[in-house]
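Enquirer: This is data_8.cif (mmCIF, C-alpha atoms).
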```cif
data_my_file
loop_
_atom_site.group_PDB
_atom_site.id
_atom_site.type_symbol
_atom_site.label_atom_id
_atom_site.label_comp_id
_atom_site.auth_asym_id
_atom_site.auth_seq_id
_atom_site.Cartn_x
_atom_site.Cartn_y
_atom_site.Cartn_z
ATOM 1 C CA MET R 181 32.724 -24.919 26.583
ATOM 2 C CA SER R 182 33.458 -21.802 24.568
ATOM 3 C CA LEU R 183 30.766 -19.452 23.330
ATOM 4 C CA ASP R 184 31.288 -20.659 19.757
ATOM 5 C CA ALA R 185 30.600 -24.243 20.772
ATOM 6 C CA VAL R 186 27.441 -23.263 22.661
ATOM 7 C CA LEU R 187 26.157 -21.320 19.654
ATOM 8 C CA ASP R 188 26.954 -24.264 17.394
ATOM 9 C CA VAL R 189 24.950 -26.619 19.590
ATOM 10 C CA ILE R 190 21.969 -24.244 19.636
ATOM 11 C CA ALA R 191 22.260 -23.842 15.863
ATOM 12 C CA ALA R 192 22.278 -27.617 15.416
ATOM 13 C CA ALA R 193 19.202 -27.980 17.618
ATOM 14 C CA CYS R 194 17.361 -25.268 15.636
ATOM 15 C CA LEU R 195 18.254 -26.897 12.314
ATOM 16 C CA LEU R 196 17.119 -30.320 13.497
ATOM 17 C CA ILE R 197 13.818 -29.143 14.997
ATOM 18 C CA GLY R 198 13.145 -27.021 11.908
ATOM 19 C CA ALA R 199 13.788 -29.981 9.634
ATOM 20 C CA LEU R 200 11.535 -32.231 11.732
ATOM 21 C CA LEU R 201 8.711 -29.665 11.627
ATOM 22 C CA SER R 202 9.026 -29.427 7.856
ATOM 23 C CA LEU R 203 8.898 -33.212 7.700
ATOM 24 C CA ALA R 204 5.743 -33.194 9.817
ATOM 25 C CA ALA R 205 4.239 -30.636 7.414
ATOM 26 C CA GLY R 206 5.045 -32.985 4.538
ATOM 27 C CA VAL R 207 3.416 -35.928 6.314
ATOM 28 C CA ALA R 208 0.373 -33.772 7.052
ATOM 29 C CA LEU R 209 0.057 -32.896 3.352
ATOM 30 C CA VAL R 210 -0.252 -36.588 2.574
ATOM 31 C CA ARG R 211 -2.437 -37.669 5.477
ATOM 32 C CA PHE R 212 -4.959 -34.858 5.927
ATOM 33 C CA PRO R 213 -8.431 -35.460 4.489
ATOM 34 C CA ASP R 214 -9.026 -32.438 2.234
ATOM 35 C CA LEU R 215 -7.600 -29.327 0.624
ATOM 36 C CA LEU R 216 -8.282 -26.856 3.423
ATOM 37 C CA THR R 217 -6.835 -28.980 6.206
ATOM 38 C CA ARG R 218 -3.777 -29.537 4.019
ATOM 39 C CA MET R 219 -3.318 -25.789 3.662
ATOM 40 C CA HIS R 220 -3.086 -25.599 7.448
ATOM 41 C CA ALA R 221 -0.108 -27.927 7.200
ATOM 42 C CA ALA R 222 1.481 -25.823 4.484
ATOM 43 C CA ALA R 223 1.017 -22.632 6.512
ATOM 44 C CA LYS R 224 2.027 -23.379 10.092
ATOM 45 C CA PRO R 225 4.642 -26.083 10.779
ATOM 46 C CA GLN R 226 6.339 -25.234 7.521
ATOM 47 C CA VAL R 227 6.703 -21.529 8.409
ATOM 48 C CA LEU R 228 7.996 -22.239 11.918
ATOM 49 C CA GLY R 229 10.294 -24.937 10.531
ATOM 50 C CA LEU R 230 11.767 -22.502 8.038
ATOM 51 C CA LEU R 231 12.174 -19.799 10.698
ATOM 52 C CA LEU R 232 14.050 -22.260 12.917
ATOM 53 C CA VAL R 233 16.318 -23.314 10.039
ATOM 54 C CA LEU R 234 17.020 -19.629 9.322
ATOM 55 C CA LEU R 235 17.791 -19.045 13.004
ATOM 56 C CA GLY R 236 20.110 -22.038 12.982
ATOM 57 C CA CYS R 237 21.902 -20.721 9.901
ATOM 58 C CA ALA R 238 22.215 -17.256 11.450
ATOM 59 C CA LEU R 239 23.730 -18.691 14.641
ATOM 60 C CA ARG R 240 26.212 -20.737 12.620
ATOM 61 C CA LEU R 241 27.203 -18.068 10.062
ATOM 62 C CA ARG R 242 27.422 -15.102 12.466
ATOM 63 C CA THR R 243 28.157 -12.502 9.793
ATOM 64 C CA GLY R 244 26.106 -9.354 9.353
ATOM 65 C CA VAL R 245 25.743 -9.641 5.592
ATOM 66 C CA ASP R 246 24.281 -13.149 5.796
ATOM 67 C CA ILE R 247 22.031 -12.431 8.754
ATOM 68 C CA THR R 248 20.308 -9.480 7.057
ATOM 69 C CA THR R 249 19.450 -11.705 4.098
ATOM 70 C CA LEU R 250 18.103 -14.393 6.431
ATOM 71 C CA VAL R 251 15.969 -11.778 8.215
ATOM 72 C CA LEU R 252 14.490 -10.743 4.865
ATOM 73 C CA VAL R 253 13.716 -14.370 3.966
ATOM 74 C CA GLY R 254 11.925 -14.792 7.293
ATOM 75 C CA VAL R 255 9.932 -11.572 6.983
ATOM 76 C CA PHE R 256 8.774 -12.359 3.464
ATOM 77 C CA GLN R 257 7.882 -15.899 4.451
ATOM 78 C CA LEU R 258 5.698 -14.589 7.298
ATOM 79 C CA ALA R 259 4.064 -12.078 4.976
ATOM 80 C CA THR R 260 3.450 -14.344 1.981
ATOM 81 C CA ALA R 261 2.660 -17.814 3.378
ATOM 82 C CA PRO R 262 -0.807 -16.760 4.635
ATOM 83 C CA VAL R 263 -1.556 -15.098 1.300
ATOM 84 C CA ALA R 264 -0.601 -18.245 -0.593
ATOM 85 C CA ALA R 265 -2.743 -20.386 1.718
ATOM 86 C CA HIS R 266 -5.621 -17.937 1.272
ATOM 87 C CA MET R 267 -5.398 -17.987 -2.537
ATOM 88 C CA VAL R 268 -5.236 -21.793 -2.760
ATOM 89 C CA GLY R 269 -8.039 -22.201 -0.231
ATOM 90 C CA ARG R 270 -10.245 -19.670 -1.995
ATOM 91 C CA ALA R 271 -9.600 -21.179 -5.415
ATOM 92 C CA GLY R 272 -10.511 -24.643 -4.150
ATOM 93 C CA TYR R 273 -13.394 -23.630 -1.940
ATOM 94 C CA PRO R 274 -16.638 -24.289 -3.781
ATOM 95 C CA HIS R 275 -15.426 -27.518 -5.353
ATOM 96 C CA GLU R 276 -15.360 -31.160 -4.534
ATOM 97 C CA TYR R 277 -11.894 -31.052 -2.989
ATOM 98 C CA ILE R 278 -13.482 -30.117 0.310
ATOM 99 C CA ARG R 279 -15.031 -32.731 2.546
ATOM 100 C CA THR R 280 -18.271 -31.052 3.574
ATOM 101 C CA ASP R 281 -19.124 -34.045 5.751
ATOM 102 C CA LEU R 282 -16.280 -32.991 8.053
ATOM 103 C CA LEU R 283 -17.526 -29.397 8.402
ATOM 104 C CA LEU R 284 -19.461 -28.470 11.527
ATOM 105 C CA THR R 285 -20.729 -25.239 9.969
ATOM 106 C CA ASP R 286 -20.166 -23.335 6.741
ATOM 107 C CA GLU R 287 -20.954 -19.638 6.967
ATOM 108 C CA LEU R 288 -19.156 -18.789 3.736
ATOM 109 C CA ALA R 289 -21.653 -20.754 1.642
ATOM 110 C CA ALA R 290 -24.502 -18.590 2.951
ATOM 111 C CA HIS R 291 -22.498 -15.446 2.202
ATOM 112 C CA LEU R 292 -21.681 -16.537 -1.349
ATOM 113 C CA ASP R 293 -25.328 -17.380 -1.970
ATOM 114 C CA LYS R 294 -26.253 -13.874 -0.873
ATOM 115 C CA VAL R 295 -23.585 -12.332 -3.125
ATOM 116 C CA ALA R 296 -24.773 -14.420 -6.077
ATOM 117 C CA ALA R 297 -28.359 -13.328 -5.452
ATOM 118 C CA GLY R 298 -27.178 -9.709 -5.376
ATOM 119 C CA ASP R 299 -25.400 -10.209 -8.693
ATOM 120 C CA GLN R 300 -28.598 -11.347 -10.318
ATOM 121 C CA GLN R 301 -30.578 -8.444 -8.926
ATOM 122 C CA ASP R 302 -28.142 -5.748 -10.006
ATOM 123 C CA PRO R 303 -28.943 -5.756 -13.749
ATOM 124 C CA ALA R 304 -32.651 -5.431 -12.877
ATOM 125 C CA HIS R 305 -31.935 -2.283 -10.873
ATOM 126 C CA ALA R 306 -29.754 -0.741 -13.578
ATOM 127 C CA MET Y 35 -17.549 -9.909 -5.935
ATOM 128 C CA THR Y 36 -20.266 -7.303 -6.027
ATOM 129 C CA PRO Y 37 -18.943 -3.779 -5.837
ATOM 130 C CA ALA Y 38 -21.292 -2.782 -3.049
ATOM 131 C CA PRO Y 39 -20.777 0.696 -1.642
ATOM 132 C CA PRO Y 40 -18.801 0.671 1.594
ATOM 133 C CA VAL Y 41 -21.165 1.237 4.455
ATOM 134 C CA ASP Y 42 -19.198 1.143 7.684
ATOM 135 C CA PRO Y 43 -17.116 3.156 8.363
ATOM 136 C CA PRO Y 44 -17.159 5.990 5.802
ATOM 137 C CA ARG Y 45 -13.601 6.481 4.576
ATOM 138 C CA PRO Y 46 -12.774 10.183 4.428
ATOM 139 C CA PRO Y 47 -10.521 11.272 1.559
ATOM 140 C CA LEU Y 48 -6.890 11.403 2.578
ATOM 141 C CA THR Y 49 -5.553 14.777 3.570
ATOM 142 C CA ARG Y 50 -2.282 16.037 2.144
ATOM 143 C CA ALA Y 51 -0.507 15.370 5.448
ATOM 144 C CA ALA Y 52 -1.822 11.801 5.656
ATOM 145 C CA ARG Y 53 -0.706 11.131 2.100
ATOM 146 C CA ARG Y 54 2.760 12.470 2.813
ATOM 147 C CA ARG Y 55 2.912 10.283 5.915
ATOM 148 C CA ASN Y 56 1.952 7.176 3.919
ATOM 149 C CA ARG Y 57 4.644 7.987 1.384
ATOM 150 C CA ILE Y 58 7.299 8.405 4.072
ATOM 151 C CA ILE Y 59 6.356 5.049 5.624
ATOM 152 C CA ALA Y 60 6.548 3.349 2.217
ATOM 153 C CA LEU Y 61 9.922 4.997 1.473
ATOM 154 C CA THR Y 62 11.339 3.902 4.818
ATOM 155 C CA GLY Y 63 10.115 0.339 4.326
ATOM 156 C CA LEU Y 64 11.469 -0.020 0.797
ATOM 157 C CA THR Y 65 14.805 1.536 1.730
ATOM 158 C CA SER Y 66 15.262 -0.788 4.693
ATOM 159 C CA VAL Y 67 14.556 -3.815 2.487
ATOM 160 C CA TRP Y 68 17.224 -2.540 0.082
ATOM 161 C CA VAL Y 69 19.762 -2.025 2.870
ATOM 162 C CA LEU Y 70 18.983 -5.471 4.329
ATOM 163 C CA LEU Y 71 19.510 -7.015 0.889
ATOM 164 C CA TRP Y 72 22.946 -5.425 0.613
ATOM 165 C CA GLY Y 73 23.675 -6.344 4.193
ATOM 166 C CA THR Y 74 25.703 -3.325 5.254
ATOM 167 C CA LEU Y 75 24.475 0.027 6.497
ATOM 168 C CA SER Y 76 26.463 2.578 4.513
ATOM 169 C CA TRP Y 77 25.607 5.959 3.047
ATOM 170 C CA ALA Y 78 25.963 4.553 -0.470
ATOM 171 C CA ASN Y 79 23.407 1.846 0.300
ATOM 172 C CA VAL Y 80 20.944 4.179 1.998
ATOM 173 C CA ILE Y 81 21.092 6.764 -0.789
ATOM 174 C CA SER Y 82 20.846 4.228 -3.611
ATOM 175 C CA GLY Y 83 17.995 2.580 -1.721
ATOM 176 C CA LEU Y 84 16.174 5.900 -1.426
ATOM 177 C CA VAL Y 85 16.612 6.535 -5.163
ATOM 178 C CA VAL Y 86 15.251 3.077 -6.029
ATOM 179 C CA ALA Y 87 12.345 3.545 -3.606
ATOM 180 C CA ILE Y 88 11.438 6.956 -5.083
ATOM 181 C CA ILE Y 89 11.513 5.543 -8.619
ATOM 182 C CA LEU Y 90 9.421 2.540 -7.535
ATOM 183 C CA LEU Y 91 6.804 4.722 -5.830
ATOM 184 C CA ALA Y 92 6.654 7.014 -8.863
ATOM 185 C CA VAL Y 93 6.323 4.184 -11.386
ATOM 186 C CA PHE Y 94 4.087 1.893 -9.313
ATOM 187 C CA PRO Y 95 2.047 4.159 -7.052
ATOM 188 C CA LEU Y 96 0.656 2.239 -4.083
ATOM 189 C CA PRO Y 97 -3.054 2.253 -3.409
ATOM 190 C CA PRO Y 98 -3.603 4.408 -0.337
ATOM 191 C CA VAL Y 99 -3.436 2.311 2.814
ATOM 192 C CA THR Y 100 -4.462 4.464 5.710
ATOM 193 C CA PHE Y 101 -2.371 3.991 8.763
ATOM 194 C CA ALA Y 102 -4.174 6.278 11.160
ATOM 195 C CA GLY Y 103 -2.689 5.058 14.400
ATOM 196 C CA ARG Y 104 0.808 4.899 15.732
ATOM 197 C CA ILE Y 105 2.998 2.098 17.006
ATOM 198 C CA HIS Y 106 2.499 1.383 20.704
ATOM 199 C CA PRO Y 107 5.717 -0.382 21.801
ATOM 200 C CA LEU Y 108 4.488 -2.416 24.788
ATOM 201 C CA PRO Y 109 1.283 -3.781 23.191
ATOM 202 C CA MET Y 110 3.386 -4.438 20.074
ATOM 203 C CA LEU Y 111 5.813 -6.538 22.125
ATOM 204 C CA HIS Y 112 2.859 -8.316 23.723
ATOM 205 C CA PHE Y 113 1.391 -9.049 20.300
ATOM 206 C CA TRP Y 114 4.674 -10.485 18.973
ATOM 207 C CA LEU Y 115 5.368 -12.647 22.029
ATOM 208 C CA ARG Y 116 1.840 -14.024 21.939
ATOM 209 C CA PHE Y 117 2.114 -14.509 18.170
ATOM 210 C CA LEU Y 118 5.354 -16.502 18.425
ATOM 211 C CA GLN Y 119 3.875 -18.612 21.214
ATOM 212 C CA ASP Y 120 0.771 -19.244 19.082
ATOM 213 C CA LEU Y 121 2.895 -20.148 16.057
ATOM 214 C CA VAL Y 122 4.774 -22.770 18.093
ATOM 215 C CA ILE Y 123 1.535 -24.197 19.527
ATOM 216 C CA ALA Y 124 -0.054 -24.244 16.055
ATOM 217 C CA SER Y 125 2.911 -26.066 14.538
ATOM 218 C CA ILE Y 126 2.976 -28.679 17.290
ATOM 219 C CA GLN Y 127 -0.798 -29.143 16.963
ATOM 220 C CA ILE Y 128 -0.632 -29.705 13.198
ATOM 221 C CA ALA Y 129 2.439 -31.932 13.552
ATOM 222 C CA TRP Y 130 0.592 -34.048 16.126
ATOM 223 C CA LEU Y 131 -2.527 -34.263 13.946
ATOM 224 C CA ALA Y 132 -0.301 -35.413 11.092
ATOM 225 C CA LEU Y 133 1.704 -37.981 12.999
ATOM 226 C CA ARG Y 134 -0.902 -39.438 15.364
ATOM 227 C CA PRO Y 135 -2.140 -42.968 14.752
ATOM 228 C CA PRO Y 136 -4.897 -43.259 12.151
ATOM 229 C CA GLY Y 137 -8.393 -42.601 13.396
ATOM 230 C CA LYS Y 138 -11.347 -40.392 12.631
ATOM 231 C CA PRO Y 139 -10.261 -37.339 10.609
ATOM 232 C CA PRO Y 140 -10.602 -34.060 12.548
ATOM 233 C CA PHE Y 141 -13.753 -31.973 12.157
ATOM 234 C CA SER Y 142 -13.486 -28.428 10.797
ATOM 235 C CA ALA Y 143 -15.751 -25.437 10.377
ATOM 236 C CA ILE Y 144 -15.953 -22.311 8.233
ATOM 237 C CA ILE Y 145 -17.032 -19.307 10.275
ATOM 238 C CA ALA Y 146 -17.693 -15.663 9.478
ATOM 239 C CA VAL Y 147 -16.211 -13.055 11.813
ATOM 240 C CA PRO Y 148 -17.211 -9.418 11.217
ATOM 241 C CA LEU Y 149 -14.293 -7.394 12.578
ATOM 242 C CA ARG Y 150 -14.963 -4.360 14.721
ATOM 243 C CA VAL Y 151 -12.385 -2.119 13.049
ATOM 244 C CA ASN Y 152 -13.017 -2.190 9.307
ATOM 245 C CA THR Y 153 -9.826 -0.748 7.854
ATOM 246 C CA ASP Y 154 -7.744 -2.352 5.123
ATOM 247 C CA LEU Y 155 -4.703 -2.510 7.365
ATOM 248 C CA ASN Y 156 -6.516 -4.190 10.247
ATOM 249 C CA LEU Y 157 -8.270 -6.611 7.891
ATOM 250 C CA THR Y 158 -4.959 -7.606 6.273
ATOM 251 C CA LEU Y 159 -2.949 -7.941 9.468
ATOM 252 C CA THR Y 160 -5.648 -9.912 11.265
ATOM 253 C CA ALA Y 161 -6.052 -12.232 8.281
ATOM 254 C CA GLU Y 162 -2.298 -12.817 8.035
ATOM 255 C CA ALA Y 163 -1.865 -13.427 11.742
ATOM 256 C CA LEU Y 164 -4.914 -15.716 11.855
ATOM 257 C CA THR Y 165 -3.422 -18.088 9.317
ATOM 258 C CA LEU Y 166 -0.356 -18.583 11.502
ATOM 259 C CA VAL Y 167 -2.027 -19.097 14.887
ATOM 260 C CA PRO Y 168 -3.527 -22.404 16.049
ATOM 261 C CA GLY Y 169 -6.468 -23.801 14.208
ATOM 262 C CA SER Y 170 -7.349 -21.113 11.701
ATOM 263 C CA LEU Y 171 -6.822 -20.398 8.020
ATOM 264 C CA ILE Y 172 -8.136 -17.360 6.200
ATOM 265 C CA LEU Y 173 -10.448 -18.292 3.335
ATOM 266 C CA GLU Y 174 -12.054 -15.068 2.211
ATOM 267 C CA ALA Y 175 -12.207 -11.442 3.257
ATOM 268 C CA ASP Y 176 -15.165 -9.211 2.499
ATOM 269 C CA ARG Y 177 -13.809 -5.693 2.376
ATOM 270 C CA THR Y 178 -17.119 -3.835 2.321
ATOM 271 C CA THR Y 179 -18.341 -5.289 5.608
ATOM 272 C CA GLY Y 180 -14.918 -6.067 7.071
ATOM 273 C CA THR Y 181 -15.803 -9.724 7.494
ATOM 274 C CA LEU Y 182 -13.238 -12.512 7.566
ATOM 275 C CA PHE Y 183 -14.194 -16.063 6.630
ATOM 276 C CA VAL Y 184 -12.026 -18.443 8.570
ATOM 277 C CA HIS Y 185 -11.501 -22.182 8.238
ATOM 278 C CA VAL Y 186 -10.958 -23.752 11.655
ATOM 279 C CA ILE Y 187 -9.403 -27.176 12.068
ATOM 280 C CA ASN Y 188 -9.648 -29.736 14.878
ATOM 281 C CA LEU Y 189 -12.998 -28.848 16.425
ATOM 282 C CA ARG Y 190 -15.328 -31.144 18.303
ATOM 283 C CA SER Y 191 -18.541 -29.177 18.900
ATOM 284 C CA ARG Y 192 -20.502 -26.001 18.197
ATOM 285 C CA GLU Y 193 -19.358 -24.607 21.556
ATOM 286 C CA GLU Y 194 -15.765 -24.784 20.372
ATOM 287 C CA VAL Y 195 -16.773 -22.878 17.240
ATOM 288 C CA GLU Y 196 -18.097 -19.983 19.339
ATOM 289 C CA GLU Y 197 -15.040 -20.136 21.551
ATOM 290 C CA PHE Y 198 -12.865 -19.774 18.495
ATOM 291 C CA ARG Y 199 -14.845 -16.736 17.350
ATOM 292 C CA ARG Y 200 -13.951 -15.055 20.629
ATOM 293 C CA GLU Y 201 -10.280 -15.893 20.045
ATOM 294 C CA VAL Y 202 -10.399 -14.136 16.673
ATOM 295 C CA TYR Y 203 -11.776 -11.020 18.391
ATOM 296 C CA ALA Y 204 -9.011 -11.249 21.003
ATOM 297 C CA LEU Y 205 -6.396 -11.375 18.236
ATOM 298 C CA GLU Y 206 -7.965 -8.361 16.536
ATOM 299 C CA ALA Y 207 -7.910 -6.491 19.848
ATOM 300 C CA ARG Y 208 -4.189 -7.256 20.278
ATOM 301 C CA ILE Y 209 -3.397 -5.952 16.784
ATOM 302 C CA VAL Y 210 -5.412 -2.768 17.257
ATOM 303 C CA ALA Y 211 -3.802 -2.239 20.670
ATOM 304 C CA ALA Y 212 -0.393 -2.419 18.972
ATOM 305 C CA LEU Y 213 -1.149 -0.232 15.945
ATOM 306 C CA GLY Y 214 -4.513 1.462 16.346
ATOM 307 C CA SER Y 215 -5.539 5.085 16.484
ATOM 308 C CA PRO Y 216 -7.406 6.362 19.568
ATOM 309 C CA ASP Y 217 -10.672 6.090 17.636
ATOM 310 C CA GLU Y 218 -10.035 2.432 16.769
ATOM 311 C CA LEU Y 219 -8.995 1.640 20.335
ATOM 312 C CA ARG Y 220 -12.237 3.172 21.552
ATOM 313 C CA ARG Y 221 -14.261 1.116 19.103
ATOM 314 C CA ILE Y 222 -12.641 -2.075 20.394
ATOM 315 C CA ARG Y 223 -13.273 -1.085 24.015
ATOM 316 C CA GLU Y 224 -16.885 -0.149 23.413
ATOM 317 C CA ASN Y 225 -17.765 -3.300 21.493
ATOM 318 C CA PRO Y 226 -16.775 -6.323 23.511
ATOM 319 C CA PRO Y 227 -17.716 -9.486 21.609
ATOM 320 C CA SER Y 228 -21.096 -9.985 23.232
ATOM 321 C CA PRO Y 229 -23.463 -12.895 22.580
ATOM 322 C CA LEU Y 230 -25.447 -10.456 20.427
ATOM 323 C CA ASP Y 231 -22.448 -9.907 18.113
ATOM 324 C CA LEU Y 232 -21.923 -13.628 17.874
ATOM 325 C CA GLU Y 233 -25.553 -14.114 16.937
ATOM 326 C CA GLY Y 234 -25.248 -11.452 14.286
ATOM 327 C CA ALA Y 235 -22.138 -13.121 12.958
ATOM 328 C CA SER Y 236 -23.929 -16.335 12.117
ATOM 329 C CA ARG Y 237 -26.480 -14.666 9.877
#
```
Take the structure in the file and give it back as structure tokens.
Expert:
Amino acid sequence: MSLDAVLDVIAAACLLIGALLSLAAGVALVRFPDLLTRMHAAAKPQVLGLLLVLLGCALRLRTGVDITTLVLVGVFQLATAPVAAHMVGRAGYPHEYIRTDLLLTDELAAHLDKVAAGDQQDPAHA
Amino acid sequence: MTPAPPVDPPRPPLTRAARRRNRIIALTGLTSVWVLLWGTLSWANVISGLVVAIILLAVFPLPPVTFAGRIHPLPMLHFWLRFLQDLVIASIQIAWLALRPPGKPPFSAIIAVPLRVNTDLNLTLTAEALTLVPGSLILEADRTTGTLFVHVINLRSREEVEEFRREVYALEARIVAALGSPDELRRIRENPPSPLDLEGASR
């Protein structure tokens, strides 16, 4: 088997696994119980799935110009996916989208209570 | 959020040399993005990239991010290998949770982890990496105390919660080992996550 054929097979495997992981992320979005667990699905299998698809594309295309663009897509995905998950999670946090009955502990609630108490005290000090 | 005064550690004003160093790092980063976008490394691309980067930095000045340390190649490699391994494990874990037969939904927890090195860079990198490793998702970061609030999925008991807290500290230690200054490395060494820290974390 020539090198080209080997690379093509690896590229095909990467594309398939990446697509399956993205599919799993989609299923997780539907099946998970609340907003925060769903954001896990949007952050992890989806990012790895995309990275694998990019790797597959890079192995198939094999041209410098394309590969640099794919590298940039991967880097920005790694840098921005956690931020997106953070923003959505934070926006949804104190609302009813979160199943508190499934939480073992919630240390953010205590912190927010403290911050809110501080907010009320501040005008008194000023 | 309340604009409480930063308590720990006091951030000294940036010296001229530190500011120049930050600017050089930003210039290098922006120029390499430009060259990667064009796809070929040529003088024309590098010079036009530098011009664009200088204009960008002049028009949109970046808030000062102090990068006091330097890149340590071997710990950096260790961090990346471990990170990729964690990303694969995390993806398989979530995929399994999604595809397994219906049953009781997994328990989660929201925990507070006060980091040992309270710099913007460490806070950001740890938060970003945490979201991509198994089980955790960053929910909120408190910059004044350097505390991360992390949502953890697929837990069974309180013991597993404490175990996860130790994993967050291990991740922070790997990041500081890869990028930290001697002072930050010392702070990590001198403050192993003891039971006392963990108690303090659950205040």
Enquirer: Compute the distance from (18.5, -21.1, 12.3) to each atom, counting only C-alpha atoms, keep the residues with any atom at most 9 Å away, and return them as a list of chain:residue names; use the coordinates of the file.
Expert: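 Checking each residue against the 9 Å limit leaves R:Ile190, R:Ala191, R:Ala192, R:Ala193, R:Cys194, R:Leu195, R:Gly198, R:Leu230, R:Leu231, R:Leu232, R:Val233, R:Leu234, R:Leu235, R:Gly236, R:Cys237, R:Ala238, R:Leu239, R:Arg240, R:Leu250.
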Enquirer: What separation in Å, quoted to one decimal, exists between atom CA of Leu159 of chain Y and atom CA of Ala289 of chain R?
Expert: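 Separating atom CA of Leu159 of chain Y from atom CA of Ala289 of chain R is a distance of 24.0 Å.
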Enquirer: Using only C-alpha atoms, can you tell me which of Y:Ile209, Y:Leu90, Y:Ala124, Y:Leu70 comes closest to Pro225 of chain R?
Expert: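 Of the candidates, the smallest distance to Pro225 of chain R is held by Y:Ala124.
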Enquirer: Kindly give the distance, in Å, that separates atom CA of Gln127 of chain Y and atom CA of Arg211 of chain R, rounded to a single decimal.
Expert: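 Spanning atom CA of Gln127 of chain Y to atom CA of Arg211 of chain R is a straight-line distance of 14.4 Å.
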Enquirer: So that each row is one residue of chain R with an atom at most 6 Å from chain Y, can you give its shortest atom pair and the distance in Å to one decimal, using all atoms listed in the file, rows by chain and rising number, as a tab-separated table?
Expert:
```
residue	atom	partner	partner_atom	distance
R:Ala204	CA	Y:Ala129	CA	5.1
R:Ala208	CA	Y:Ala132	CA	4.4
R:Lys224	CA	Y:Ser125	CA	5.3
R:Pro225	CA	Y:Ser125	CA	4.1
R:Val245	CA	Y:Gly73	CA	4.1
R:Thr248	CA	Y:Leu70	CA	5.0
R:Thr249	CA	Y:Leu71	CA	5.7
R:Pro262	CA	Y:Glu162	CA	5.4
R:His266	CA	Y:Leu173	CA	5.3
R:Gly269	CA	Y:Leu173	CA	5.8
R:Arg270	CA	Y:Leu173	CA	5.5
R:Leu282	CA	Y:Phe141	CA	4.9
R:Leu283	CA	Y:Ala143	CA	4.8
R:Leu284	CA	Y:Ala143	CA	4.9
R:Thr285	CA	Y:Ala143	CA	5.0
R:Asp286	CA	Y:Ile144	CA	4.6
R:Glu287	CA	Y:Ile145	CA	5.1
```
Enquirer: Atom CA of Gly214 of chain Y to atom CA of Gly103 of chain Y: how many Å, to one decimal?
Expert: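 Atom CA of Gly103 of chain Y lies 4.5 Å from atom CA of Gly214 of chain Y.
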Enquirer: Quick one: residues within 10 Å of Ala222 of chain R, all atoms listed in the file, excluding same-chain residues fewer than 5 positions away - as a list in words?
Expert: Ser202, Ala205, Gly206, Ala208, Leu209, Leu216, Thr217, Val227, Ala261, Pro262, Ala264 and Ala265 of chain R; Ile128 of chain Y
Enquirer: Tell me which protein, DNA and RNA residues are within 6 Å of segment 149-153 of chain Y, counting all atoms listed in the file, leaving out same-chain ones fewer than 2 positions away, and put them as a PyMOL selection string.
Expert: chain Y and resi 155-156+180-181
Enquirer: Once the PyMOL selection byres ((chain Y and resi 105) around 12) has been evaluated on this model, what residues remain selected, and can you format them as an MDAnalysis selection string?
Expert: chainID Y and resid 101:104 106:111 113 209:216
